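Q: Got a structure for you, input.cif, holding mmCIF, C-alpha atoms.
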data_protein
loop_
_atom_site.group_PDB
_atom_site.id
_atom_site.type_symbol
_atom_site.label_atom_id
_atom_site.label_comp_id
_atom_site.auth_asym_id
_atom_site.auth_seq_id
_atom_site.Cartn_x
_atom_site.Cartn_y
_atom_site.Cartn_z
ATOM 1 C CA MET A 1 -166.048 -83.813 -215.603
ATOM 2 C CA THR A 2 -168.367 -80.807 -215.333
ATOM 3 C CA GLN A 3 -168.558 -79.064 -218.683
ATOM 4 C CA PRO A 4 -167.739 -75.326 -218.497
ATOM 5 C CA ASP A 5 -170.194 -72.734 -219.747
ATOM 6 C CA VAL A 6 -169.512 -71.570 -223.276
ATOM 7 C CA LEU A 7 -170.533 -68.356 -225.048
ATOM 8 C CA TYR A 8 -171.107 -67.913 -228.782
ATOM 9 C CA ASP A 9 -171.671 -64.926 -231.078
ATOM 10 C CA ALA A 10 -175.418 -64.825 -230.454
ATOM 11 C CA ASP A 11 -174.805 -64.387 -226.704
ATOM 12 C CA ILE A 12 -172.635 -61.274 -227.055
ATOM 13 C CA ASP A 13 -173.278 -57.617 -227.888
ATOM 14 C CA LEU A 14 -170.466 -55.728 -229.673
ATOM 15 C CA ALA A 15 -171.872 -52.297 -228.779
ATOM 16 C CA PRO A 16 -169.849 -51.770 -225.557
ATOM 17 C CA LEU A 17 -166.605 -52.153 -227.505
ATOM 18 C CA GLN A 18 -167.781 -49.999 -230.408
ATOM 19 C CA ALA A 19 -168.613 -47.073 -228.136
ATOM 20 C CA GLY A 20 -165.024 -45.952 -227.503
ATOM 21 C CA CYS A 21 -161.633 -45.647 -229.156
ATOM 22 C CA LEU A 22 -159.396 -48.722 -228.979
ATOM 23 C CA ALA A 23 -155.609 -48.629 -229.360
ATOM 24 C CA ILE A 24 -153.564 -51.658 -230.383
ATOM 25 C CA ILE A 25 -150.007 -51.577 -229.011
ATOM 26 C CA GLY A 26 -147.763 -53.443 -231.440
ATOM 27 C CA TYR A 27 -148.347 -54.652 -234.995
ATOM 28 C CA GLY A 28 -146.705 -58.054 -235.124
ATOM 29 C CA ASN A 29 -148.585 -61.321 -235.613
ATOM 30 C CA HIS A 30 -151.057 -60.698 -232.776
ATOM 31 C CA GLY A 31 -151.364 -56.933 -233.208
ATOM 32 C CA ARG A 32 -152.120 -57.059 -236.912
ATOM 33 C CA ALA A 33 -154.555 -59.967 -236.588
ATOM 34 C CA HIS A 34 -156.455 -58.277 -233.763
ATOM 35 C CA ALA A 35 -156.599 -54.910 -235.508
ATOM 36 C CA LEU A 36 -157.883 -56.361 -238.788
ATOM 37 C CA ASN A 37 -160.422 -58.678 -237.158
ATOM 38 C CA LEU A 38 -161.724 -55.921 -234.894
ATOM 39 C CA ARG A 39 -162.217 -53.567 -237.830
ATOM 40 C CA ASP A 40 -163.794 -56.226 -240.030
ATOM 41 C CA SER A 41 -166.206 -57.022 -237.182
ATOM 42 C CA GLY A 42 -167.407 -53.421 -237.043
ATOM 43 C CA VAL A 43 -165.110 -51.839 -234.430
ATOM 44 C CA GLN A 44 -164.189 -48.760 -236.426
ATOM 45 C CA ARG A 45 -162.271 -46.574 -233.978
ATOM 46 C CA VAL A 46 -159.033 -48.573 -233.904
ATOM 47 C CA LEU A 47 -155.624 -46.925 -233.569
ATOM 48 C CA VAL A 48 -152.294 -48.694 -233.991
ATOM 49 C CA ALA A 49 -149.698 -47.431 -231.514
ATOM 50 C CA LEU A 50 -146.021 -48.003 -232.281
ATOM 51 C CA ARG A 51 -142.645 -46.867 -231.040
ATOM 52 C CA GLU A 52 -140.804 -44.242 -233.055
ATOM 53 C CA GLY A 53 -138.994 -45.937 -235.940
ATOM 54 C CA SER A 54 -140.970 -49.155 -235.747
ATOM 55 C CA PRO A 55 -140.565 -51.272 -238.906
ATOM 56 C CA SER A 56 -144.275 -52.129 -238.668
ATOM 57 C CA ARG A 57 -145.401 -48.553 -239.308
ATOM 58 C CA GLU A 58 -145.604 -48.815 -243.107
ATOM 59 C CA ARG A 59 -147.537 -52.078 -242.981
ATOM 60 C CA ALA A 60 -150.091 -50.695 -240.520
ATOM 61 C CA GLN A 61 -150.567 -47.573 -242.646
ATOM 62 C CA ALA A 62 -150.877 -49.692 -245.799
ATOM 63 C CA ASP A 63 -153.608 -51.664 -244.030
ATOM 64 C CA GLY A 64 -155.469 -48.393 -243.564
ATOM 65 C CA PHE A 65 -154.933 -47.758 -239.839
ATOM 66 C CA GLU A 66 -154.092 -44.470 -238.184
ATOM 67 C CA VAL A 67 -150.674 -44.966 -236.602
ATOM 68 C CA VAL A 68 -149.921 -42.955 -233.475
ATOM 69 C CA SER A 69 -147.251 -42.824 -230.799
ATOM 70 C CA LEU A 70 -147.629 -44.780 -227.590
ATOM 71 C CA GLU A 71 -148.134 -41.526 -225.700
ATOM 72 C CA GLU A 72 -150.894 -40.355 -228.036
ATOM 73 C CA ALA A 73 -152.644 -43.695 -227.700
ATOM 74 C CA ALA A 74 -152.523 -43.276 -223.925
ATOM 75 C CA ARG A 75 -154.163 -39.868 -224.224
ATOM 76 C CA ARG A 76 -156.876 -40.848 -226.714
ATOM 77 C CA ALA A 77 -157.970 -44.439 -226.227
ATOM 78 C CA ALA A 78 -160.690 -45.694 -223.913
ATOM 79 C CA TYR A 79 -159.015 -49.113 -223.944
ATOM 80 C CA ILE A 80 -155.467 -50.135 -224.788
ATOM 81 C CA SER A 81 -154.801 -53.660 -226.027
ATOM 82 C CA MET A 82 -151.245 -54.648 -225.057
ATOM 83 C CA LEU A 83 -150.099 -56.779 -227.995
ATOM 84 C CA ALA A 84 -146.396 -55.977 -227.993
ATOM 85 C CA ALA A 85 -144.054 -58.689 -226.709
ATOM 86 C CA ASP A 86 -144.928 -59.641 -223.107
ATOM 87 C CA GLU A 87 -141.400 -58.986 -221.859
ATOM 88 C CA ALA A 88 -141.594 -55.365 -223.090
ATOM 89 C CA HIS A 89 -144.850 -54.550 -221.299
ATOM 90 C CA GLY A 90 -143.256 -53.224 -218.125
ATOM 91 C CA ALA A 91 -141.192 -50.583 -219.928
ATOM 92 C CA ILE A 92 -144.040 -49.668 -222.289
ATOM 93 C CA TRP A 93 -146.386 -49.165 -219.356
ATOM 94 C CA SER A 94 -144.061 -47.213 -217.076
ATOM 95 C CA ASP A 95 -142.379 -45.072 -219.744
ATOM 96 C CA HIS A 96 -145.131 -44.402 -222.271
ATOM 97 C CA ILE A 97 -148.628 -45.268 -221.021
ATOM 98 C CA ALA A 98 -148.912 -44.620 -217.277
ATOM 99 C CA PRO A 99 -147.614 -41.003 -217.375
ATOM 100 C CA HIS A 100 -150.069 -40.018 -220.129
ATOM 101 C CA ARG A 101 -153.127 -42.234 -219.739
ATOM 102 C CA ARG A 102 -156.686 -40.968 -219.573
ATOM 103 C CA PRO A 103 -158.435 -41.428 -216.217
ATOM 104 C CA GLY A 104 -160.432 -44.646 -216.306
ATOM 105 C CA GLN A 105 -158.617 -46.012 -219.347
ATOM 106 C CA GLY A 106 -158.743 -49.824 -219.462
ATOM 107 C CA LEU A 107 -156.160 -52.432 -220.380
ATOM 108 C CA ILE A 108 -156.699 -55.577 -222.465
ATOM 109 C CA PHE A 109 -154.201 -58.437 -222.621
ATOM 110 C CA CYS A 110 -154.015 -61.548 -224.792
ATOM 111 C CA HIS A 111 -151.899 -63.377 -222.179
ATOM 112 C CA GLY A 112 -151.944 -63.365 -218.393
ATOM 113 C CA PHE A 113 -148.152 -62.940 -218.139
ATOM 114 C CA SER A 114 -147.774 -59.212 -217.423
ATOM 115 C CA ILE A 115 -150.386 -59.033 -214.682
ATOM 116 C CA GLU A 116 -149.680 -62.393 -213.048
ATOM 117 C CA TYR A 117 -145.939 -61.698 -212.793
ATOM 118 C CA GLY A 118 -146.173 -58.030 -211.906
ATOM 119 C CA LEU A 119 -144.701 -56.378 -214.990
ATOM 120 C CA ILE A 120 -147.664 -54.020 -214.832
ATOM 121 C CA VAL A 121 -149.410 -52.950 -211.639
ATOM 122 C CA PRO A 122 -152.474 -51.060 -212.891
ATOM 123 C CA PRO A 123 -154.124 -48.240 -210.933
ATOM 124 C CA PRO A 124 -157.512 -48.892 -209.287
ATOM 125 C CA ASP A 125 -159.459 -46.832 -211.871
ATOM 126 C CA CYS A 126 -158.437 -49.257 -214.617
ATOM 127 C CA ASP A 127 -160.401 -52.164 -216.097
ATOM 128 C CA VAL A 128 -157.935 -55.041 -216.553
ATOM 129 C CA ILE A 129 -159.192 -57.624 -219.032
ATOM 130 C CA LEU A 130 -157.853 -60.841 -220.489
ATOM 131 C CA ALA A 131 -159.098 -61.709 -223.994
ATOM 132 C CA ALA A 132 -157.065 -64.676 -225.185
ATOM 133 C CA ALA A 133 -157.602 -66.338 -228.550
ATOM 134 C CA LYS A 134 -155.854 -69.670 -228.079
ATOM 135 C CA GLY A 135 -153.478 -69.921 -230.985
ATOM 136 C CA PRO A 136 -150.750 -68.031 -232.841
ATOM 137 C CA GLY A 137 -151.514 -64.538 -234.113
ATOM 138 C CA GLY A 138 -151.494 -65.648 -237.729
ATOM 139 C CA ALA A 139 -154.098 -68.306 -236.975
ATOM 140 C CA VAL A 140 -156.359 -65.679 -235.352
ATOM 141 C CA ARG A 141 -156.542 -63.882 -238.684
ATOM 142 C CA GLU A 142 -156.541 -66.919 -240.974
ATOM 143 C CA SER A 143 -159.388 -68.650 -239.154
ATOM 144 C CA TYR A 144 -161.428 -65.427 -239.128
ATOM 145 C CA VAL A 145 -160.997 -64.891 -242.875
ATOM 146 C CA ARG A 146 -162.141 -68.471 -243.509
ATOM 147 C CA GLY A 147 -165.314 -67.762 -241.555
ATOM 148 C CA GLY A 148 -164.209 -69.572 -238.402
ATOM 149 C CA GLY A 149 -162.430 -68.614 -235.222
ATOM 150 C CA LEU A 150 -160.197 -69.857 -232.443
ATOM 151 C CA THR A 151 -161.372 -70.830 -228.977
ATOM 152 C CA GLY A 152 -161.333 -67.778 -226.683
ATOM 153 C CA PHE A 153 -160.777 -67.358 -222.947
ATOM 154 C CA ARG A 154 -161.772 -64.301 -220.952
ATOM 155 C CA ALA A 155 -160.999 -62.994 -217.466
ATOM 156 C CA VAL A 156 -161.432 -59.786 -215.485
ATOM 157 C CA HIS A 157 -158.679 -58.845 -213.036
ATOM 158 C CA GLN A 158 -160.171 -55.407 -212.217
ATOM 159 C CA ASP A 159 -163.631 -54.068 -213.055
ATOM 160 C CA ALA A 160 -163.429 -50.334 -212.371
ATOM 161 C CA SER A 161 -166.103 -49.377 -214.904
ATOM 162 C CA GLY A 162 -168.618 -52.130 -214.201
ATOM 163 C CA ARG A 163 -168.424 -53.046 -217.902
ATOM 164 C CA ALA A 164 -165.217 -55.081 -218.008
ATOM 165 C CA GLU A 165 -166.944 -58.431 -218.524
ATOM 166 C CA MET A 166 -168.987 -57.034 -221.420
ATOM 167 C CA ILE A 167 -165.848 -55.589 -223.013
ATOM 168 C CA ALA A 168 -163.982 -58.895 -222.666
ATOM 169 C CA ARG A 169 -166.817 -60.782 -224.347
ATOM 170 C CA ALA A 170 -167.209 -58.200 -227.117
ATOM 171 C CA TYR A 171 -163.478 -58.123 -227.849
ATOM 172 C CA LEU A 172 -163.336 -61.901 -228.229
ATOM 173 C CA LYS A 173 -166.427 -61.882 -230.417
ATOM 174 C CA ALA A 174 -164.754 -59.310 -232.664
ATOM 175 C CA LEU A 175 -161.715 -61.573 -232.957
ATOM 176 C CA GLY A 176 -163.965 -64.382 -234.196
ATOM 177 C CA CYS A 177 -163.788 -66.484 -231.035
ATOM 178 C CA GLY A 178 -167.554 -66.464 -230.628
ATOM 179 C CA ARG A 179 -167.733 -68.682 -233.710
ATOM 180 C CA ALA A 180 -165.763 -71.393 -231.879
ATOM 181 C CA GLY A 181 -166.678 -70.783 -228.231
ATOM 182 C CA ILE A 182 -165.576 -68.470 -225.412
ATOM 183 C CA PHE A 183 -164.820 -69.716 -221.891
ATOM 184 C CA ALA A 184 -164.036 -68.113 -218.535
ATOM 185 C CA THR A 185 -160.566 -68.342 -216.992
ATOM 186 C CA SER A 186 -158.251 -66.268 -214.771
ATOM 187 C CA PHE A 187 -155.024 -64.412 -215.489
ATOM 188 C CA ARG A 188 -153.137 -66.918 -213.343
ATOM 189 C CA GLU A 189 -154.604 -69.975 -215.019
ATOM 190 C CA GLU A 190 -153.975 -68.674 -218.528
ATOM 191 C CA ALA A 191 -150.408 -67.606 -217.751
ATOM 192 C CA LEU A 192 -149.418 -70.941 -216.236
ATOM 193 C CA ALA A 193 -151.202 -73.068 -218.848
ATOM 194 C CA ASP A 194 -149.805 -71.048 -221.743
ATOM 195 C CA ILE A 195 -146.196 -71.143 -220.546
ATOM 196 C CA LEU A 196 -146.249 -74.772 -219.427
ATOM 197 C CA GLY A 197 -147.976 -75.895 -222.621
ATOM 198 C CA GLU A 198 -145.457 -74.112 -224.812
ATOM 199 C CA GLN A 199 -142.334 -75.011 -222.837
ATOM 200 C CA ALA A 200 -143.102 -78.594 -221.903
ATOM 201 C CA VAL A 201 -145.333 -79.918 -224.682
ATOM 202 C CA LEU A 202 -146.095 -77.906 -227.793
ATOM 203 C CA VAL A 203 -142.637 -76.443 -228.428
ATOM 204 C CA GLY A 204 -139.899 -77.405 -225.986
ATOM 205 C CA GLY A 205 -141.073 -80.943 -225.331
ATOM 206 C CA MET A 206 -141.957 -81.703 -228.935
ATOM 207 C CA CYS A 207 -138.637 -80.364 -230.246
ATOM 208 C CA ALA A 208 -136.655 -82.223 -227.588
ATOM 209 C CA LEU A 209 -138.355 -85.540 -228.404
ATOM 210 C CA ALA A 210 -137.935 -85.016 -232.146
ATOM 211 C CA ARG A 211 -134.249 -84.080 -231.900
ATOM 212 C CA GLN A 212 -133.467 -86.929 -229.513
ATOM 213 C CA GLY A 213 -135.302 -89.383 -231.745
ATOM 214 C CA TYR A 214 -133.394 -88.128 -234.788
ATOM 215 C CA GLU A 215 -130.028 -88.378 -233.017
ATOM 216 C CA THR A 216 -130.799 -91.869 -231.707
ATOM 217 C CA LEU A 217 -131.789 -93.187 -235.126
ATOM 218 C CA VAL A 218 -128.755 -91.682 -236.855
ATOM 219 C CA ALA A 219 -126.483 -93.168 -234.167
ATOM 220 C CA ALA A 220 -128.123 -96.540 -234.848
ATOM 221 C CA GLY A 221 -127.117 -96.324 -238.504
ATOM 222 C CA ILE A 222 -130.343 -94.937 -240.003
ATOM 223 C CA SER A 223 -129.853 -92.409 -242.800
ATOM 224 C CA PRO A 224 -130.413 -88.773 -241.749
ATOM 225 C CA LEU A 225 -133.204 -88.415 -244.323
ATOM 226 C CA MET A 226 -135.135 -91.428 -243.061
ATOM 227 C CA ALA A 227 -134.551 -90.373 -239.439
ATOM 228 C CA TYR A 228 -135.846 -86.852 -240.153
ATOM 229 C CA ILE A 229 -138.986 -88.072 -241.913
ATOM 230 C CA ASP A 230 -139.887 -90.481 -239.108
ATOM 231 C CA THR A 231 -139.201 -88.124 -236.177
ATOM 232 C CA VAL A 232 -139.867 -84.611 -237.530
ATOM 233 C CA HIS A 233 -141.610 -84.454 -240.903
ATOM 234 C CA GLU A 234 -144.492 -86.749 -239.974
ATOM 235 C CA LEU A 235 -145.337 -84.752 -236.845
ATOM 236 C CA LYS A 236 -147.781 -82.729 -238.926
ATOM 237 C CA TYR A 237 -149.846 -85.765 -239.842
ATOM 238 C CA ILE A 238 -150.143 -86.873 -236.223
ATOM 239 C CA ALA A 239 -150.942 -83.336 -235.067
ATOM 240 C CA ASP A 240 -153.656 -83.038 -237.712
ATOM 241 C CA LEU A 241 -155.226 -86.304 -236.556
ATOM 242 C CA ILE A 242 -155.206 -85.218 -232.913
ATOM 243 C CA HIS A 243 -156.620 -81.821 -233.877
ATOM 244 C CA THR A 244 -159.581 -83.316 -235.711
ATOM 245 C CA ARG A 245 -160.156 -86.586 -233.813
ATOM 246 C CA GLY A 246 -158.523 -86.303 -230.381
ATOM 247 C CA MET A 247 -155.813 -88.603 -229.066
ATOM 248 C CA ALA A 248 -158.000 -91.705 -228.956
ATOM 249 C CA GLY A 249 -159.134 -90.973 -232.502
ATOM 250 C CA MET A 250 -155.534 -90.566 -233.621
ATOM 251 C CA TYR A 251 -154.638 -93.952 -232.166
ATOM 252 C CA ALA A 252 -157.600 -95.489 -233.996
ATOM 253 C CA ALA A 253 -156.401 -94.004 -237.299
ATOM 254 C CA ILE A 254 -152.810 -95.287 -237.257
ATOM 255 C CA SER A 255 -151.511 -98.812 -237.740
ATOM 256 C CA ASP A 256 -151.995 -101.386 -235.009
ATOM 257 C CA THR A 257 -148.219 -101.867 -234.892
ATOM 258 C CA ALA A 258 -147.660 -98.170 -234.217
ATOM 259 C CA GLU A 259 -150.467 -98.045 -231.658
ATOM 260 C CA PHE A 260 -149.307 -101.147 -229.760
ATOM 261 C CA GLY A 261 -145.758 -99.851 -229.502
ATOM 262 C CA ALA A 262 -146.839 -96.313 -228.631
ATOM 263 C CA HIS A 263 -149.040 -97.423 -225.735
ATOM 264 C CA GLY A 264 -146.109 -99.362 -224.331
ATOM 265 C CA VAL A 265 -143.693 -96.444 -224.579
ATOM 266 C CA GLU A 266 -146.080 -93.646 -223.553
ATOM 267 C CA ALA A 267 -146.126 -94.585 -219.862
ATOM 268 C CA ARG A 268 -142.338 -94.783 -219.709
ATOM 269 C CA ILE A 269 -141.927 -91.352 -221.290
ATOM 270 C CA ALA A 270 -144.596 -89.872 -219.012
ATOM 271 C CA GLU A 271 -142.796 -91.192 -215.926
ATOM 272 C CA ALA A 272 -139.491 -89.779 -217.169
ATOM 273 C CA VAL A 273 -140.813 -86.295 -217.930
ATOM 274 C CA LYS A 274 -143.141 -85.867 -214.932
ATOM 275 C CA PRO A 275 -140.408 -84.452 -212.637
ATOM 276 C CA VAL A 276 -139.358 -82.057 -215.410
ATOM 277 C CA PHE A 277 -142.941 -80.844 -215.798
ATOM 278 C CA GLU A 278 -143.260 -80.385 -212.032
ATOM 279 C CA ASP A 279 -140.044 -78.337 -211.991
ATOM 280 C CA ILE A 280 -141.406 -76.160 -214.786
ATOM 281 C CA VAL A 281 -144.629 -75.538 -212.845
ATOM 282 C CA ALA A 282 -142.606 -74.507 -209.784
ATOM 283 C CA ASP A 283 -140.356 -72.283 -211.908
ATOM 284 C CA VAL A 284 -143.307 -70.547 -213.550
ATOM 285 C CA THR A 285 -145.585 -70.174 -210.521
ATOM 286 C CA SER A 286 -142.738 -68.763 -208.399
ATOM 287 C CA GLY A 287 -142.107 -66.054 -210.976
ATOM 288 C CA GLN A 288 -138.514 -67.155 -211.550
ATOM 289 C CA PHE A 289 -139.062 -67.842 -215.243
ATOM 290 C CA ALA A 290 -140.646 -64.414 -215.748
ATOM 291 C CA ARG A 291 -137.716 -62.716 -214.007
ATOM 292 C CA ARG A 292 -135.166 -64.575 -216.141
ATOM 293 C CA TRP A 293 -137.026 -63.726 -219.322
ATOM 294 C CA VAL A 294 -137.402 -60.038 -218.466
ATOM 295 C CA ASP A 295 -133.703 -59.900 -217.512
ATOM 296 C CA ASP A 296 -132.749 -61.494 -220.825
ATOM 297 C CA PHE A 297 -134.922 -58.961 -222.666
ATOM 298 C CA GLY A 298 -133.028 -56.215 -220.847
ATOM 299 C CA ASN A 299 -129.790 -57.838 -222.035
ATOM 300 C CA ASP A 300 -130.870 -57.535 -225.689
ATOM 301 C CA ARG A 301 -132.180 -61.134 -225.606
ATOM 302 C CA ALA A 302 -128.634 -62.506 -225.530
ATOM 303 C CA GLY A 303 -129.754 -65.823 -224.049
ATOM 304 C CA LEU A 304 -132.575 -66.202 -226.551
ATOM 305 C CA HIS A 305 -130.319 -65.408 -229.505
ATOM 306 C CA ALA A 306 -127.753 -67.962 -228.327
ATOM 307 C CA ALA A 307 -130.449 -70.620 -227.976
ATOM 308 C CA ARG A 308 -131.777 -69.829 -231.454
ATOM 309 C CA GLN A 309 -128.306 -70.260 -232.893
ATOM 310 C CA ARG A 310 -127.828 -73.617 -231.171
ATOM 311 C CA ALA A 311 -131.127 -74.826 -232.590
ATOM 312 C CA ALA A 312 -130.272 -73.572 -236.075
ATOM 313 C CA ASP A 313 -126.892 -75.320 -235.973
ATOM 314 C CA HIS A 314 -128.345 -78.775 -235.223
ATOM 315 C CA GLU A 315 -127.610 -81.222 -238.035
ATOM 316 C CA LEU A 316 -131.255 -82.112 -238.544
ATOM 317 C CA GLU A 317 -131.863 -78.590 -239.903
ATOM 318 C CA GLU A 318 -129.703 -79.324 -242.958
ATOM 319 C CA THR A 319 -131.622 -82.553 -243.545
ATOM 320 C CA GLY A 320 -134.900 -80.691 -243.164
ATOM 321 C CA ARG A 321 -133.888 -78.044 -245.692
ATOM 322 C CA PHE A 322 -132.978 -80.787 -248.191
ATOM 323 C CA LEU A 323 -136.325 -82.549 -247.722
ATOM 324 C CA ARG A 324 -138.417 -79.391 -247.928
ATOM 325 C CA LYS A 325 -136.659 -78.381 -251.148
ATOM 326 C CA ALA A 326 -137.186 -81.857 -252.628
ATOM 327 C CA LEU A 327 -140.891 -81.651 -251.755
ATOM 328 C CA GLY A 328 -141.244 -78.098 -253.083
ATOM 329 C CA LEU A 329 -142.068 -76.753 -249.620
ATOM 330 C CA GLY A 330 -139.537 -73.920 -249.720
#
Let's see the structure in the file written out as structure tokens.
A:
Amino acid sequence: MTQPDVLYDADIDLAPLQAGCLAIIGYGNHGRAHALNLRDSGVQRVLVALREGSPSRERAQADGFEVVSLEEAARRAAYISMLAADEAHGAIWSDHIAPHRRPGQGLIFCHGFSIEYGLIVPPPDCDVILAAAKGPGGAVRESYVRGGGLTGFRAVHQDASGRAEMIARAYLKALGCGRAGIFATSFREEALADILGEQAVLVGGMCALARQGYETLVAAGISPLMAYIDTVHELKYIADLIHTRGMAGMYAAISDTAEFGAHGVEARIAEAVKPVFEDIVADVTSGQFARRWVDDFGNDRAGLHAARQRAADHELEETGRFLRKALGLG
């Protein structure tokens, strides 16, 4: 395959980002990590914008940031980084940002969701930038503090100022991504890859396989503790091997018995899940998933809360709590 171009810290100038005021919308895992990394990288004019009554206000103030309303951020900032929950972006934009924004004010996103699925339709005078650090918000901060960084992806949907590409690069450098490598993408590519990866592999697929494996072993007479260890607890060790060595390296590091059996089963599982993956791609690219998720957000996340409860009620959770306590993991 053709290797994509990669940018590192030495290739990027922070000055374009340091020239103006930047507002961070939201102070959860992503918002806090971005705000702290930006400031520690030398971007000093950083505001944190929160809704009235936000429980994050005290933490942001304790971290030394000026906390302002969403409307004030819209009036003051040269760029707004939308780090609140994706599903809330439409209401935040239409109710609090668009009516008050400065002419020429740009938008920065850490996911392609809101632009790709039309939650926000920005005006033509607006830079629209994707600056995605590929990992959870906590990892963005943790890797930065350790002197590293997560892989970053950048895209420009609109370049009204002529500086959008420079801002995207500088923002990712300030997050620490230039230490690992920064690549080009598009809003569409990032949105689809992010959702499919999470739903089908990293979260939904992994949890489904683990739960089904646990249930199958217990039904076969295996003790719940043994079943949990072999289908859930040991996932970390395999993930760590893949992270550091790749899949082929992981296979080389495990027992020959495990590898022989896994190769035989892998093709059967792939054939079984392929139609599910294809359905997910169709669901996501058509915008149907985004509409369902935004509707559920408007219904106080009733569907999400019900799904969380079902997951919490699964019998393997009790086994997991027992094991974690026995191991001193909490």
Q: Spell out the residues picked by the PyMOL selection byres ((chain A and resi 72-80) around 8) here, as a VMD selection string.
A: chain A and resid 20 to 25 47 49 68 to 71 81 to 82 96 to 98 100 to 102 104 to 108
Q: Would you please work out which residue, of A:Ile12, A:Ile115, A:Leu202, A:Met226, is nearest to Lys173 of chain A when using all atoms listed in the file?
A: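 Of A:Ile12, A:Ile115, A:Leu202, A:Met226, the one nearest Lys173 of chain A, counting all atoms listed in the file, is A:Ile12.
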Q: Can you tell me, as a compact mmCIF listing (two decimals) with C-alpha atoms, keeping the file's coordinate frame, what residues are no more than 12 Å from Arg292 of chain A when counting only C-alpha atoms, ignoring any on the same chain fewer than 3 positions away?
A:
# COMPACT_ATOMS: atom_id res chain seq x y z
CA GLU A 87 -141.40 -58.99 -221.86
CA TYR A 117 -145.94 -61.70 -212.79
CA ASP A 283 -140.36 -72.28 -211.91
CA VAL A 284 -143.31 -70.55 -213.55
CA SER A 286 -142.74 -68.76 -208.40
CA GLY A 287 -142.11 -66.05 -210.98
CA GLN A 288 -138.51 -67.16 -211.55
CA PHE A 289 -139.06 -67.84 -215.24
CA ASP A 295 -133.70 -59.90 -217.51
CA ASP A 296 -132.75 -61.49 -220.82
CA PHE A 297 -134.92 -58.96 -222.67
CA GLY A 298 -133.03 -56.22 -220.85
CA ASN A 299 -129.79 -57.84 -222.04
CA ARG A 301 -132.18 -61.13 -225.61
CA ALA A 302 -128.63 -62.51 -225.53
CA GLY A 303 -129.75 -65.82 -224.05
CA LEU A 304 -132.57 -66.20 -226.55
Q: My list of candidates is A:Glu116, A:Asp86, A:Glu318, A:Glu190. Which is closest to Ala132 of chain A when distances are computed with all atoms listed in the file?
A: A:Glu190
Q: Since I can't run it myself right now, could you work out what the PyMOL selection byres ((chain A and resi 61) around 12) selects here and report it as an MDAnalysis selection string?
A: chainID A and resid 27 32 35 47:50 54:60 62:68
Q: Can you write out the residues you just picked, keeping C-alpha atoms, as a PDB file, keeping the file's coordinate frame?
A:
ATOM      1  CA  TYR A  27    -148.347 -54.652-234.995  1.00  0.00           C
ATOM      2  CA  ARG A  32    -152.120 -57.059-236.912  1.00  0.00           C
ATOM      3  CA  ALA A  35    -156.599 -54.910-235.508  1.00  0.00           C
ATOM      4  CA  LEU A  47    -155.624 -46.925-233.569  1.00  0.00           C
ATOM      5  CA  VAL A  48    -152.294 -48.694-233.991  1.00  0.00           C
ATOM      6  CA  ALA A  49    -149.698 -47.431-231.514  1.00  0.00           C
ATOM      7  CA  LEU A  50    -146.021 -48.003-232.281  1.00  0.00           C
ATOM      8  CA  SER A  54    -140.970 -49.155-235.747  1.00  0.00           C
ATOM      9  CA  PRO A  55    -140.565 -51.272-238.906  1.00  0.00           C
ATOM     10  CA  SER A  56    -144.275 -52.129-238.668  1.00  0.00           C
ATOM     11  CA  ARG A  57    -145.401 -48.553-239.308  1.00  0.00           C
ATOM     12  CA  GLU A  58    -145.604 -48.815-243.107  1.00  0.00           C
ATOM     13  CA  ARG A  59    -147.537 -52.078-242.981  1.00  0.00           C
ATOM     14  CA  ALA A  60    -150.091 -50.695-240.520  1.00  0.00           C
ATOM     15  CA  ALA A  62    -150.877 -49.692-245.799  1.00  0.00           C
ATOM     16  CA  ASP A  63    -153.608 -51.664-244.030  1.00  0.00           C
ATOM     17  CA  GLY A  64    -155.469 -48.393-243.564  1.00  0.00           C
ATOM     18  CA  PHE A  65    -154.933 -47.758-239.839  1.00  0.00           C
ATOM     19  CA  GLU A  66    -154.092 -44.470-238.184  1.00  0.00           C
ATOM     20  CA  VAL A  67    -150.674 -44.966-236.602  1.00  0.00           C
ATOM     21  CA  VAL A  68    -149.921 -42.955-233.475  1.00  0.00           C
TER      22      VAL A  68
END
Q: Atom CA of Phe153 of chain A and atom CA of Pro122 of chain A, how far apart in Å?
A: 20.9 Å
